[in-house]
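**Student:** Following this line is my_file_39.pdb, made up of PDB, C-alpha atoms, pLDDT in the B column:
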ATOM      1  CA  MET A  10      71.453  66.215 203.051  1.00 53.00           C
ATOM      2  CA  ALA A  11      69.754  63.874 205.519  1.00 52.00           C
ATOM      3  CA  GLU A  12      70.113  60.158 205.002  1.00 55.00           C
ATOM      4  CA  GLY A  13      66.454  59.657 204.058  1.00 60.00           C
ATOM      5  CA  ALA A  14      66.495  62.589 201.640  1.00 65.00           C
ATOM      6  CA  SER A  15      69.715  61.299 200.095  1.00 74.00           C
ATOM      7  CA  ASP A  16      68.182  57.873 199.495  1.00 78.00           C
ATOM      8  CA  ARG A  17      65.111  59.472 197.908  1.00 84.00           C
ATOM      9  CA  ALA A  18      67.294  61.629 195.684  1.00 87.00           C
ATOM     10  CA  VAL A  19      69.370  58.696 194.456  1.00 88.00           C
ATOM     11  CA  GLU A  20      66.244  56.626 193.776  1.00 90.00           C
ATOM     12  CA  LEU A  21      64.739  59.549 191.868  1.00 92.00           C
ATOM     13  CA  VAL A  22      67.850  59.899 189.723  1.00 92.00           C
ATOM     14  CA  MET A  23      67.947  56.161 189.019  1.00 93.00           C
ATOM     15  CA  ASP A  24      64.248  56.097 188.124  1.00 93.00           C
ATOM     16  CA  ALA A  25      64.745  59.026 185.762  1.00 94.00           C
ATOM     17  CA  GLY A  26      67.705  57.340 184.083  1.00 93.00           C
ATOM     18  CA  GLN A  27      65.813  54.079 183.700  1.00 93.00           C
ATOM     19  CA  THR A  28      62.854  55.924 182.169  1.00 93.00           C
ATOM     20  CA  LEU A  29      65.106  57.600 179.632  1.00 93.00           C
ATOM     21  CA  LEU A  30      66.966  54.419 178.737  1.00 91.00           C
ATOM     22  CA  GLU A  31      63.925  52.165 178.337  1.00 90.00           C
ATOM     23  CA  ASN A  32      62.156  54.719 176.143  1.00 90.00           C
ATOM     24  CA  GLY A  33      64.902  55.265 173.590  1.00 85.00           C
ATOM     25  CA  GLY A  34      67.204  57.812 175.235  1.00 85.00           C
ATOM     26  CA  GLU A  35      70.808  57.882 174.051  1.00 86.00           C
ATOM     27  CA  VAL A  36      73.348  56.416 176.447  1.00 89.00           C
ATOM     28  CA  PHE A  37      75.472  59.548 176.829  1.00 88.00           C
ATOM     29  CA  ARG A  38      72.379  61.724 177.350  1.00 89.00           C
ATOM     30  CA  VAL A  39      71.039  59.368 180.002  1.00 92.00           C
ATOM     31  CA  GLN A  40      74.340  59.546 181.849  1.00 92.00           C
ATOM     32  CA  GLN A  41      74.564  63.326 181.495  1.00 92.00           C
ATOM     33  CA  THR A  42      70.985  63.856 182.677  1.00 93.00           C
ATOM     34  CA  MET A  43      71.488  61.654 185.726  1.00 94.00           C
ATOM     35  CA  GLU A  44      74.654  63.533 186.698  1.00 92.00           C
ATOM     36  CA  ILE A  45      72.885  66.887 186.360  1.00 92.00           C
ATOM     37  CA  MET A  46      69.922  65.727 188.442  1.00 92.00           C
ATOM     38  CA  ALA A  47      72.166  64.262 191.131  1.00 90.00           C
ATOM     39  CA  ALA A  48      74.134  67.503 191.392  1.00 89.00           C
ATOM     40  CA  SER A  49      70.918  69.520 191.542  1.00 89.00           C
ATOM     41  CA  LEU A  50      69.621  67.342 194.401  1.00 87.00           C
ATOM     42  CA  GLY A  51      72.864  67.615 196.352  1.00 84.00           C
ATOM     43  CA  VAL A  52      73.950  63.975 196.018  1.00 84.00           C
ATOM     44  CA  GLN A  53      77.639  63.725 196.859  1.00 80.00           C
ATOM     45  CA  ASP A  54      80.246  61.807 194.839  1.00 84.00           C
ATOM     46  CA  PHE A  55      77.699  60.491 192.352  1.00 88.00           C
ATOM     47  CA  HIS A  56      79.163  58.325 189.608  1.00 90.00           C
ATOM     48  CA  VAL A  57      77.184  56.532 186.921  1.00 92.00           C
ATOM     49  CA  TYR A  58      77.947  54.182 184.036  1.00 91.00           C
ATOM     50  CA  VAL A  59      75.180  53.514 181.528  1.00 91.00           C
ATOM     51  CA  LEU A  60      74.917  50.654 179.031  1.00 88.00           C
ATOM     52  CA  THR A  61      72.154  49.969 176.556  1.00 86.00           C
ATOM     53  CA  ASN A  62      70.504  47.516 178.962  1.00 86.00           C
ATOM     54  CA  GLY A  63      71.713  48.539 182.395  1.00 90.00           C
ATOM     55  CA  ILE A  64      72.661  51.382 184.751  1.00 92.00           C
ATOM     56  CA  PHE A  65      75.430  51.202 187.350  1.00 92.00           C
ATOM     57  CA  ALA A  66      75.695  54.039 189.880  1.00 91.00           C
ATOM     58  CA  SER A  67      77.302  54.842 193.197  1.00 88.00           C
ATOM     59  CA  ALA A  68      76.772  57.688 195.649  1.00 86.00           C
ATOM     60  CA  HIS A  69      78.159  58.793 199.002  1.00 76.00           C
ATOM     61  CA  ARG A  70      75.758  59.154 201.914  1.00 64.00           C
ATOM     62  CA  PRO A  71      76.859  61.405 204.805  1.00 63.00           C
ATOM     63  CA  GLY A  72      78.316  59.401 207.666  1.00 64.00           C
ATOM     64  CA  GLN A  73      78.096  56.116 205.792  1.00 63.00           C
ATOM     65  CA  ASP A  74      79.979  54.152 203.202  1.00 66.00           C
ATOM     66  CA  ALA A  75      79.256  54.740 199.534  1.00 72.00           C
ATOM     67  CA  SER A  76      76.260  52.839 198.195  1.00 78.00           C
ATOM     68  CA  SER A  77      76.075  51.136 194.814  1.00 84.00           C
ATOM     69  CA  LEU A  78      72.948  50.722 192.739  1.00 87.00           C
ATOM     70  CA  LEU A  79      72.089  48.657 189.672  1.00 89.00           C
ATOM     71  CA  ARG A  80      69.133  48.789 187.305  1.00 90.00           C
ATOM     72  CA  HIS A  81      68.549  46.210 184.590  1.00 89.00           C
ATOM     73  CA  VAL A  82      66.708  47.487 181.502  1.00 87.00           C
ATOM     74  CA  PRO A  83      66.087  44.349 179.431  1.00 82.00           C
ATOM     75  CA  THR A  84      63.877  45.900 176.748  1.00 74.00           C
ATOM     76  CA  VAL A  85      64.145  49.237 174.995  1.00 75.00           C
ATOM     77  CA  SER A  86      61.390  50.841 172.963  1.00 80.00           C
ATOM     78  CA  THR A  87      60.848  54.369 171.682  1.00 82.00           C
ATOM     79  CA  HIS A  88      58.596  56.892 173.417  1.00 87.00           C
ATOM     80  CA  LEU A  89      59.985  60.354 172.798  1.00 87.00           C
ATOM     81  CA  GLY A  90      57.202  61.955 174.817  1.00 90.00           C
ATOM     82  CA  ARG A  91      58.514  60.346 177.991  1.00 92.00           C
ATOM     83  CA  VAL A  92      62.091  61.238 177.088  1.00 92.00           C
ATOM     84  CA  GLU A  93      61.137  64.888 176.587  1.00 93.00           C
ATOM     85  CA  ALA A  94      59.190  64.937 179.859  1.00 93.00           C
ATOM     86  CA  VAL A  95      62.193  63.667 181.844  1.00 94.00           C
ATOM     87  CA  ASN A  96      64.513  66.113 180.067  1.00 93.00           C
ATOM     88  CA  GLU A  97      62.194  68.975 180.997  1.00 93.00           C
ATOM     89  CA  LEU A  98      62.132  67.696 184.583  1.00 92.00           C
ATOM     90  CA  SER A  99      65.933  67.731 184.750  1.00 93.00           C
ATOM     91  CA  ARG A 100      66.085  71.280 183.364  1.00 92.00           C
ATOM     92  CA  GLU A 101      63.589  72.601 185.904  1.00 91.00           C
ATOM     93  CA  LEU A 102      65.340  70.722 188.702  1.00 91.00           C
ATOM     94  CA  ALA A 103      68.683  72.257 187.708  1.00 90.00           C
ATOM     95  CA  ALA A 104      67.044  75.700 187.663  1.00 89.00           C
ATOM     96  CA  GLY A 105      65.798  75.212 191.225  1.00 87.00           C
ATOM     97  CA  LYS A 106      62.113  75.323 190.253  1.00 88.00           C
ATOM     98  CA  LEU A 107      61.220  71.948 191.820  1.00 85.00           C
ATOM     99  CA  ASP A 108      61.683  70.374 195.211  1.00 86.00           C
ATOM    100  CA  MET A 109      62.008  66.658 195.866  1.00 88.00           C
ATOM    101  CA  ALA A 110      58.292  65.937 196.168  1.00 88.00           C
ATOM    102  CA  GLN A 111      57.419  67.896 193.054  1.00 90.00           C
ATOM    103  CA  ALA A 112      60.174  66.172 191.089  1.00 91.00           C
ATOM    104  CA  GLU A 113      58.894  62.753 192.143  1.00 91.00           C
ATOM    105  CA  GLN A 114      55.371  63.656 191.055  1.00 93.00           C
ATOM    106  CA  ARG A 115      56.615  64.955 187.703  1.00 92.00           C
ATOM    107  CA  LEU A 116      58.606  61.778 187.117  1.00 93.00           C
ATOM    108  CA  GLN A 117      55.609  59.586 187.909  1.00 94.00           C
ATOM    109  CA  ALA A 118      53.537  61.597 185.445  1.00 93.00           C
ATOM    110  CA  ALA A 119      56.243  61.251 182.782  1.00 92.00           C
ATOM    111  CA  ARG A 120      56.430  57.482 183.238  1.00 92.00           C
ATOM    112  CA  ALA A 121      52.643  57.226 182.974  1.00 91.00           C
ATOM    113  CA  LEU A 122      52.380  58.942 179.595  1.00 90.00           C
ATOM    114  CA  PRO A 123      50.404  56.545 177.356  1.00 90.00           C
ATOM    115  CA  ARG A 124      51.889  54.846 174.341  1.00 85.00           C
ATOM    116  CA  VAL A 125      50.432  54.952 170.863  1.00 83.00           C
ATOM    117  CA  GLY A 126      47.440  52.632 170.570  1.00 85.00           C
ATOM    118  CA  PRO A 127      47.488  49.524 168.370  1.00 88.00           C
ATOM    119  CA  ARG A 128      45.111  51.081 165.855  1.00 91.00           C
ATOM    120  CA  VAL A 129      47.323  54.104 165.322  1.00 92.00           C
ATOM    121  CA  GLU A 130      50.370  51.849 165.088  1.00 90.00           C
ATOM    122  CA  THR A 131      48.635  49.692 162.475  1.00 93.00           C
ATOM    123  CA  LEU A 132      47.598  52.753 160.485  1.00 94.00           C
ATOM    124  CA  ALA A 133      51.184  54.020 160.559  1.00 92.00           C
ATOM    125  CA  CYS A 134      52.468  50.668 159.268  1.00 93.00           C
ATOM    126  CA  ILE A 135      49.947  50.688 156.432  1.00 94.00           C
ATOM    127  CA  ALA A 136      50.710  54.260 155.375  1.00 95.00           C
ATOM    128  CA  GLY A 137      54.458  53.803 155.821  1.00 94.00           C
ATOM    129  CA  SER A 138      54.579  50.631 153.754  1.00 94.00           C
ATOM    130  CA  ALA A 139      52.646  52.201 150.879  1.00 95.00           C
ATOM    131  CA  GLY A 140      54.713  55.380 151.012  1.00 94.00           C
ATOM    132  CA  PHE A 141      58.072  53.622 151.075  1.00 94.00           C
ATOM    133  CA  THR A 142      57.017  51.437 148.158  1.00 95.00           C
ATOM    134  CA  TYR A 143      56.365  54.516 146.059  1.00 93.00           C
ATOM    135  CA  LEU A 144      59.632  56.134 147.174  1.00 92.00           C
ATOM    136  CA  PHE A 145      61.604  53.045 146.142  1.00 90.00           C
ATOM    137  CA  GLY A 146      60.229  53.047 142.619  1.00 89.00           C
ATOM    138  CA  GLY A 147      56.981  51.164 143.022  1.00 89.00           C
ATOM    139  CA  THR A 148      53.879  52.010 141.030  1.00 91.00           C
ATOM    140  CA  LEU A 149      50.417  52.985 142.206  1.00 92.00           C
ATOM    141  CA  ALA A 150      49.377  49.356 141.689  1.00 92.00           C
ATOM    142  CA  ASP A 151      52.121  48.213 144.099  1.00 93.00           C
ATOM    143  CA  MET A 152      51.089  50.558 146.917  1.00 95.00           C
ATOM    144  CA  PRO A 153      47.858  48.757 147.951  1.00 94.00           C
ATOM    145  CA  VAL A 154      49.735  45.455 148.008  1.00 95.00           C
ATOM    146  CA  ALA A 155      52.406  46.974 150.242  1.00 95.00           C
ATOM    147  CA  ALA A 156      49.720  48.526 152.449  1.00 95.00           C
ATOM    148  CA  VAL A 157      48.139  45.119 153.079  1.00 95.00           C
ATOM    149  CA  ALA A 158      51.612  43.698 153.717  1.00 95.00           C
ATOM    150  CA  GLY A 159      52.160  46.437 156.312  1.00 94.00           C
ATOM    151  CA  LEU A 160      48.838  45.521 157.902  1.00 95.00           C
ATOM    152  CA  LEU A 161      49.921  41.872 158.140  1.00 95.00           C
ATOM    153  CA  GLU A 162      53.259  42.881 159.673  1.00 94.00           C
ATOM    154  CA  SER A 163      51.552  45.045 162.264  1.00 94.00           C
ATOM    155  CA  LEU A 164      49.096  42.320 163.232  1.00 94.00           C
ATOM    156  CA  VAL A 165      51.886  39.741 163.534  1.00 94.00           C
ATOM    157  CA  CYS A 166      54.053  42.059 165.656  1.00 92.00           C
ATOM    158  CA  GLN A 167      51.174  42.950 167.957  1.00 92.00           C
ATOM    159  CA  TYR A 168      50.112  39.338 168.393  1.00 93.00           C
ATOM    160  CA  PHE A 169      53.637  38.127 169.101  1.00 92.00           C
ATOM    161  CA  GLY A 170      54.231  41.089 171.394  1.00 87.00           C
ATOM    162  CA  ARG A 171      51.201  40.211 173.531  1.00 88.00           C
ATOM    163  CA  HIS A 172      52.606  36.725 174.008  1.00 88.00           C
ATOM    164  CA  GLY A 173      56.137  37.907 174.800  1.00 84.00           C
ATOM    165  CA  ILE A 174      57.756  36.264 171.783  1.00 87.00           C
ATOM    166  CA  ASN A 175      61.343  37.240 170.948  1.00 87.00           C
ATOM    167  CA  ARG A 176      61.854  40.162 168.566  1.00 87.00           C
ATOM    168  CA  MET A 177      63.897  38.107 166.094  1.00 90.00           C
ATOM    169  CA  PHE A 178      61.209  35.438 165.700  1.00 93.00           C
ATOM    170  CA  THR A 179      58.608  38.181 165.395  1.00 94.00           C
ATOM    171  CA  ASP A 180      60.513  39.832 162.544  1.00 94.00           C
ATOM    172  CA  ILE A 181      61.013  36.491 160.780  1.00 95.00           C
ATOM    173  CA  ALA A 182      57.277  35.760 160.904  1.00 95.00           C
ATOM    174  CA  ALA A 183      56.308  39.300 159.845  1.00 95.00           C
ATOM    175  CA  ALA A 184      58.725  39.336 156.901  1.00 95.00           C
ATOM    176  CA  PHE A 185      57.588  35.862 155.880  1.00 96.00           C
ATOM    177  CA  CYS A 186      53.908  36.887 155.806  1.00 95.00           C
ATOM    178  CA  CYS A 187      54.745  40.051 153.886  1.00 94.00           C
ATOM    179  CA  THR A 188      56.740  38.137 151.283  1.00 94.00           C
ATOM    180  CA  VAL A 189      54.189  35.369 150.768  1.00 94.00           C
ATOM    181  CA  TRP A 190      51.390  37.903 150.356  1.00 94.00           C
ATOM    182  CA  ALA A 191      53.253  40.010 147.780  1.00 94.00           C
ATOM    183  CA  ILE A 192      54.331  36.981 145.745  1.00 93.00           C
ATOM    184  CA  ALA A 193      50.790  35.571 145.803  1.00 93.00           C
ATOM    185  CA  VAL A 194      49.362  38.838 144.484  1.00 93.00           C
ATOM    186  CA  GLN A 195      51.998  39.027 141.750  1.00 93.00           C
ATOM    187  CA  ALA A 196      51.104  35.484 140.688  1.00 90.00           C
ATOM    188  CA  VAL A 197      47.480  36.554 140.214  1.00 90.00           C
ATOM    189  CA  VAL A 198      48.129  40.094 138.950  1.00 90.00           C
ATOM    190  CA  PRO A 199      51.387  40.121 136.921  1.00 89.00           C
ATOM    191  CA  ALA A 200      51.334  43.920 136.724  1.00 89.00           C
ATOM    192  CA  VAL A 201      52.190  44.061 140.428  1.00 90.00           C
ATOM    193  CA  SER A 202      55.872  44.047 141.401  1.00 91.00           C
ATOM    194  CA  ALA A 203      56.380  41.840 144.428  1.00 91.00           C
ATOM    195  CA  ASN A 204      59.916  43.202 144.887  1.00 92.00           C
ATOM    196  CA  ALA A 205      58.737  46.799 145.249  1.00 93.00           C
ATOM    197  CA  ALA A 206      55.914  45.872 147.609  1.00 94.00           C
ATOM    198  CA  ILE A 207      58.182  43.724 149.779  1.00 94.00           C
ATOM    199  CA  ILE A 208      60.921  46.343 150.016  1.00 94.00           C
ATOM    200  CA  GLY A 209      58.470  49.083 150.935  1.00 94.00           C
ATOM    201  CA  ALA A 210      56.686  46.985 153.543  1.00 94.00           C
ATOM    202  CA  LEU A 211      59.919  45.787 155.153  1.00 94.00           C
ATOM    203  CA  MET A 212      61.055  49.342 155.789  1.00 93.00           C
ATOM    204  CA  VAL A 213      58.739  49.573 158.799  1.00 91.00           C
ATOM    205  CA  LEU A 214      60.654  46.667 160.371  1.00 91.00           C
ATOM    206  CA  THR A 215      64.196  47.869 159.700  1.00 89.00           C
ATOM    207  CA  PRO A 216      66.267  48.746 162.812  1.00 86.00           C
ATOM    208  CA  GLY A 217      67.154  52.265 161.738  1.00 84.00           C
ATOM    209  CA  VAL A 218      67.074  53.745 165.246  1.00 81.00           C
ATOM    210  CA  ALA A 219      69.301  51.018 166.713  1.00 82.00           C
ATOM    211  CA  LEU A 220      71.786  51.376 163.866  1.00 87.00           C
ATOM    212  CA  THR A 221      71.951  55.162 164.120  1.00 87.00           C
ATOM    213  CA  MET A 222      72.282  55.177 167.902  1.00 85.00           C
ATOM    214  CA  GLY A 223      74.935  52.465 167.762  1.00 87.00           C
ATOM    215  CA  VAL A 224      77.082  54.520 165.425  1.00 89.00           C
ATOM    216  CA  ARG A 225      76.562  57.617 167.538  1.00 87.00           C
ATOM    217  CA  ASP A 226      77.480  55.795 170.756  1.00 86.00           C
ATOM    218  CA  ILE A 227      80.740  54.643 169.163  1.00 89.00           C
ATOM    219  CA  LEU A 228      81.514  58.173 167.965  1.00 87.00           C
ATOM    220  CA  ASN A 229      80.931  59.386 171.535  1.00 83.00           C
ATOM    221  CA  GLY A 230      83.396  56.824 172.884  1.00 83.00           C
ATOM    222  CA  ASP A 231      80.775  54.430 174.326  1.00 84.00           C
ATOM    223  CA  TYR A 232      82.213  51.473 172.439  1.00 88.00           C
ATOM    224  CA  LEU A 233      80.485  48.747 174.431  1.00 87.00           C
ATOM    225  CA  SER A 234      77.022  50.317 174.181  1.00 86.00           C
ATOM    226  CA  GLY A 235      77.550  51.087 170.501  1.00 87.00           C
ATOM    227  CA  SER A 236      78.647  47.525 169.773  1.00 90.00           C
ATOM    228  CA  ILE A 237      75.589  46.141 171.565  1.00 87.00           C
ATOM    229  CA  ARG A 238      73.249  48.335 169.529  1.00 87.00           C
ATOM    230  CA  LEU A 239      74.974  47.503 166.251  1.00 91.00           C
ATOM    231  CA  LEU A 240      74.856  43.790 167.035  1.00 91.00           C
ATOM    232  CA  ASP A 241      71.159  44.120 167.850  1.00 89.00           C
ATOM    233  CA  ALA A 242      70.556  45.897 164.534  1.00 91.00           C
ATOM    234  CA  LEU A 243      72.508  43.198 162.702  1.00 92.00           C
ATOM    235  CA  PHE A 244      70.431  40.397 164.223  1.00 93.00           C
ATOM    236  CA  ILE A 245      67.172  42.182 163.425  1.00 92.00           C
ATOM    237  CA  ALA A 246      68.253  42.772 159.821  1.00 93.00           C
ATOM    238  CA  GLY A 247      69.255  39.115 159.543  1.00 94.00           C
ATOM    239  CA  SER A 248      65.885  38.031 160.914  1.00 94.00           C
ATOM    240  CA  ILE A 249      64.054  40.148 158.345  1.00 95.00           C
ATOM    241  CA  ALA A 250      66.198  38.719 155.567  1.00 94.00           C
ATOM    242  CA  GLY A 251      65.570  35.197 156.858  1.00 95.00           C
ATOM    243  CA  GLY A 252      61.814  35.719 156.754  1.00 95.00           C
ATOM    244  CA  VAL A 253      61.994  36.940 153.161  1.00 94.00           C
ATOM    245  CA  VAL A 254      64.135  33.971 152.124  1.00 94.00           C
ATOM    246  CA  LEU A 255      61.692  31.536 153.718  1.00 94.00           C
ATOM    247  CA  GLY A 256      58.850  33.168 151.817  1.00 93.00           C
ATOM    248  CA  TRP A 257      60.679  32.872 148.496  1.00 92.00           C
ATOM    249  CA  ILE A 258      61.601  29.241 149.196  1.00 92.00           C
ATOM    250  CA  LEU A 259      57.959  28.427 149.937  1.00 91.00           C
ATOM    251  CA  ALA A 260      56.815  30.146 146.737  1.00 87.00           C
ATOM    252  CA  ARG A 261      59.344  28.246 144.617  1.00 86.00           C
ATOM    253  CA  GLY A 262      58.403  25.008 146.337  1.00 85.00           C
ATOM    254  CA  LEU A 263      54.786  25.581 145.358  1.00 82.00           C
ATOM    255  CA  GLY A 264      55.835  26.272 141.774  1.00 75.00           C
ATOM    256  CA  VAL A 265      55.037  29.983 141.822  1.00 72.00           C
ATOM    257  CA  ALA A 266      57.170  31.978 139.397  1.00 62.00           C
ATOM    258  CA  VAL A 267      59.135  34.643 141.294  1.00 61.00           C
TER     259      VAL A 267
END
Spell out the structure here as structure tokens.
**Tutor:**
Amino acid sequence: MAEGASDRAVELVMDAGQTLLENGGEVFRVQQTMEIMAASLGVQDFHVYVLTNGIFASAHRPGQDASSLLRHVPTVSTHLGRVEAVNELSRELAAGKLDMAQAEQRLQAARALPRVGPRVETLACIAGSAGFTYLFGGTLADMPVAAVAGLLESLVCQYFGRHGINRMFTDIAAAFCCTVWAIAVQAVVPAVSANAAIIGALMVLTPGVALTMGVRDILNGDYLSGSIRLLDALFIAGSIAGGVVLGWILARGLGVAV
């Protein structure tokens, strides 16, 4: 492989790995996909080590020393459409159906897939909060309260997200608003259970994906990546709990029976 083609191939593999990692791909699958793509593109002596927030790779270029590459992935969200698009790209590349130019175009298209709009996200939070409240033993009277709490959480998360505020502070504020709202409604309408509404609404904030992927990374032997994900899930859970506690403290301070 010519030097220019080798550089393009390595950059393509790194871009694909970064796309997978920053959109919720599992660490071992990111590493496996990058190795398959590198082999399919003829990259020699390709080695890669993937963490939850970074990719380290090295490759041998003909006639030159091995080159090392690093990609920092500071934030990770979930977009399974992009993950599936890159996985399909790697499968077609391994089958010999794509050349370099076609693969680059397909990767650009995968990275450009749009995310869910704020309205759809808000609707999902509302429906999810109401549904979880019912699943956890809430009544039909508790579901509208939880739905409004989910709306408040979504609005807080979107506002803080636009201003680049840390995830932990965002979760504290969202849980606080949810708790204050539910307690206030219970104070006016005693038939409403603030506990059920709060629990249901908080489910949309819980770090279930991070927790699950952390455990899976550890089971796959990626102890460092798994520990990072579990620690992230622990901090998020603590932030949610802190927001709820602040809400209860405020309610008691105002003399509201909780």
**Student:** Between A:Ala94, A:Val36, A:Met177, A:Leu79, single out the one closest to Arg115 (chain A), counting all atoms listed in the file.
**Tutor:**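 Counting all atoms listed in the file, the residue closest to Arg115 (chain A) is A:Ala94.
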**Student:** Please evaluate the PyMOL selection byres ((chain A and resi 48) around 12) against the displayed coordinates and give the resulting residues as a VMD selection string.
**Tutor:** chain A and resid 15 18 to 19 22 41 to 47 49 to 56 68 99 to 100 102 to 105
**Student:** Which region 73-112 of chain A residues have any atom within 12 Å of an atom of region 125-142 of chain A, and for each, what is the nearest pair of atoms with distance in Å to one decimal, counting only C-alpha atoms, rows sorted by chain and number, as JSON lines?
**Tutor:**
{"residue": "A:Ser86", "atom": "CA", "partner": "A:Val125", "partner_atom": "CA", "distance": 11.9}
{"residue": "A:Thr87", "atom": "CA", "partner": "A:Val125", "partner_atom": "CA", "distance": 10.5}
{"residue": "A:His88", "atom": "CA", "partner": "A:Val125", "partner_atom": "CA", "distance": 8.8}
{"residue": "A:Leu89", "atom": "CA", "partner": "A:Val125", "partner_atom": "CA", "distance": 11.1}
{"residue": "A:Gly90", "atom": "CA", "partner": "A:Val125", "partner_atom": "CA", "distance": 10.5}
**Student:** Pick from A:Ala250, A:Ala184, A:Ala66, A:Ile174: nearest to Val213 (chain A), with all atoms listed in the file counted?
**Tutor:**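 Using all atoms listed in the file, Val213 (chain A) sits closest to A:Ala184.
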**Student:** Specify as number ranges by chain each residue included when the PyMOL selection byres ((chain A and resi 248) around 9) is applied to this file.
**Tutor:** A: 176-182, 184, 243-247, 249-253
**Student:** Would you work out the distance separating CA of Ala200 (chain A) from CA of Phe185 (chain A), expressed in Å to one decimal?
**Tutor:**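 It comes out at 21.7 Å.
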**Student:** What's the 8 Å shell around region 231-238 of chain A, counting only C-alpha atoms, without same-chain residues fewer than 4 positions away, as a PyMOL selection string?
**Tutor:** chain A and resi 36-37+60-61+219-220+222-227+242
**Student:** Calculate how many Å separate CA of Trp257 (chain A) from CA of Gly209 (chain A), rounding to one decimal.
**Tutor:** 16.5 Å
**Student:** Please, what is the axis-aligned box for every listed atom of region 187-200 of chain A with 3 Å on each side, as centre and edge lengths in Å to one decimal, as AutoDock Vina command-line options?
**Tutor:**
--center_x 52.1 --center_y 39.6 --center_z 145.3 --size_x 15.3 --size_y 14.6 --size_z 23.2
**Student:** Figure out the distance between CA of Ala118 (chain A) and CA of Glu101 (chain A), please, to one decimal in Å.
**Tutor:** 14.9 Å
**Student:** Counting only C-alpha atoms, which residue out of A:Ala121, A:Val194, A:Met109, A:Leu30 sits closest to Thr84 (chain A)?
**Tutor:**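 Closest to Thr84 (chain A), using only C-alpha atoms: A:Leu30.
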**Student:** Evaluate the PyMOL selection byres ((chain A and resi 117) around 12) against this structure - the residues, as number ranges by chain, please.
**Tutor:** A: 21, 24-25, 28, 91, 94-95, 98, 110-116, 118-122
**Student:** Could you tell me which of A:Thr215, A:Tyr168, A:Glu93, A:Cys187 comes closest to Ala156 (chain A) if we count only C-alpha atoms?
**Tutor:** A:Cys187
**Student:** Counting all atoms listed in the file, I want the residues whose atoms come within 12 Å of (48.5, 38.0, 146.2) in the file frame, returned as number ranges by chain.
**Tutor:** A: 151, 153-155, 157-158, 186-203, 206-207, 260, 265
**Student:** Give the answer as one residue: which of A:Gly173, A:Gly34, A:Gly264, A:Gly26 has the shortest atom-to-atom distance to Phe65 (chain A), using all atoms listed in the file?
**Tutor:**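 Nearest candidate to Phe65 (chain A) out of A:Gly173, A:Gly34, A:Gly264, A:Gly26: A:Gly26.
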**Student:** Can you complete the atoms of region 176-185 of chain A to N, CA, C and O atoms and list them as a short mmCIF file (atom, residue, chain, number, x, y, z; two decimals), keeping the file's coordinate frame?
**Tutor:**
data_model
loop_
_atom_site.label_atom_id
_atom_site.label_comp_id
_atom_site.auth_asym_id
_atom_site.auth_seq_id
_atom_site.Cartn_x
_atom_site.Cartn_y
_atom_site.Cartn_z
N ARG A 176 61.92 39.23 169.69
CA ARG A 176 61.85 40.16 168.57
C ARG A 176 62.34 39.53 167.26
O ARG A 176 61.77 39.77 166.19
N MET A 177 63.37 38.71 167.32
CA MET A 177 63.90 38.11 166.09
C MET A 177 62.88 37.17 165.45
O MET A 177 62.68 37.20 164.24
N PHE A 178 62.23 36.33 166.25
CA PHE A 178 61.21 35.44 165.70
C PHE A 178 60.01 36.24 165.18
O PHE A 178 59.39 35.86 164.17
N THR A 179 59.70 37.32 165.85
CA THR A 179 58.61 38.18 165.40
C THR A 179 58.91 38.75 164.02
O THR A 179 58.06 38.75 163.12
N ASP A 180 60.14 39.25 163.83
CA ASP A 180 60.51 39.83 162.54
C ASP A 180 60.56 38.78 161.44
O ASP A 180 60.20 39.05 160.29
N ILE A 181 61.00 37.57 161.77
CA ILE A 181 61.01 36.49 160.78
C ILE A 181 59.59 36.20 160.31
O ILE A 181 59.31 36.10 159.11
N ALA A 182 58.67 36.07 161.26
CA ALA A 182 57.28 35.76 160.90
C ALA A 182 56.64 36.90 160.12
O ALA A 182 55.92 36.67 159.13
N ALA A 183 56.90 38.15 160.54
CA ALA A 183 56.31 39.30 159.84
C ALA A 183 56.83 39.41 158.42
O ALA A 183 56.06 39.63 157.47
N ALA A 184 58.15 39.27 158.24
CA ALA A 184 58.72 39.34 156.90
C ALA A 184 58.25 38.18 156.03
O ALA A 184 58.02 38.36 154.82
N PHE A 185 58.08 37.03 156.62
CA PHE A 185 57.59 35.86 155.88
C PHE A 185 56.17 36.11 155.35
O PHE A 185 55.88 35.88 154.18
#
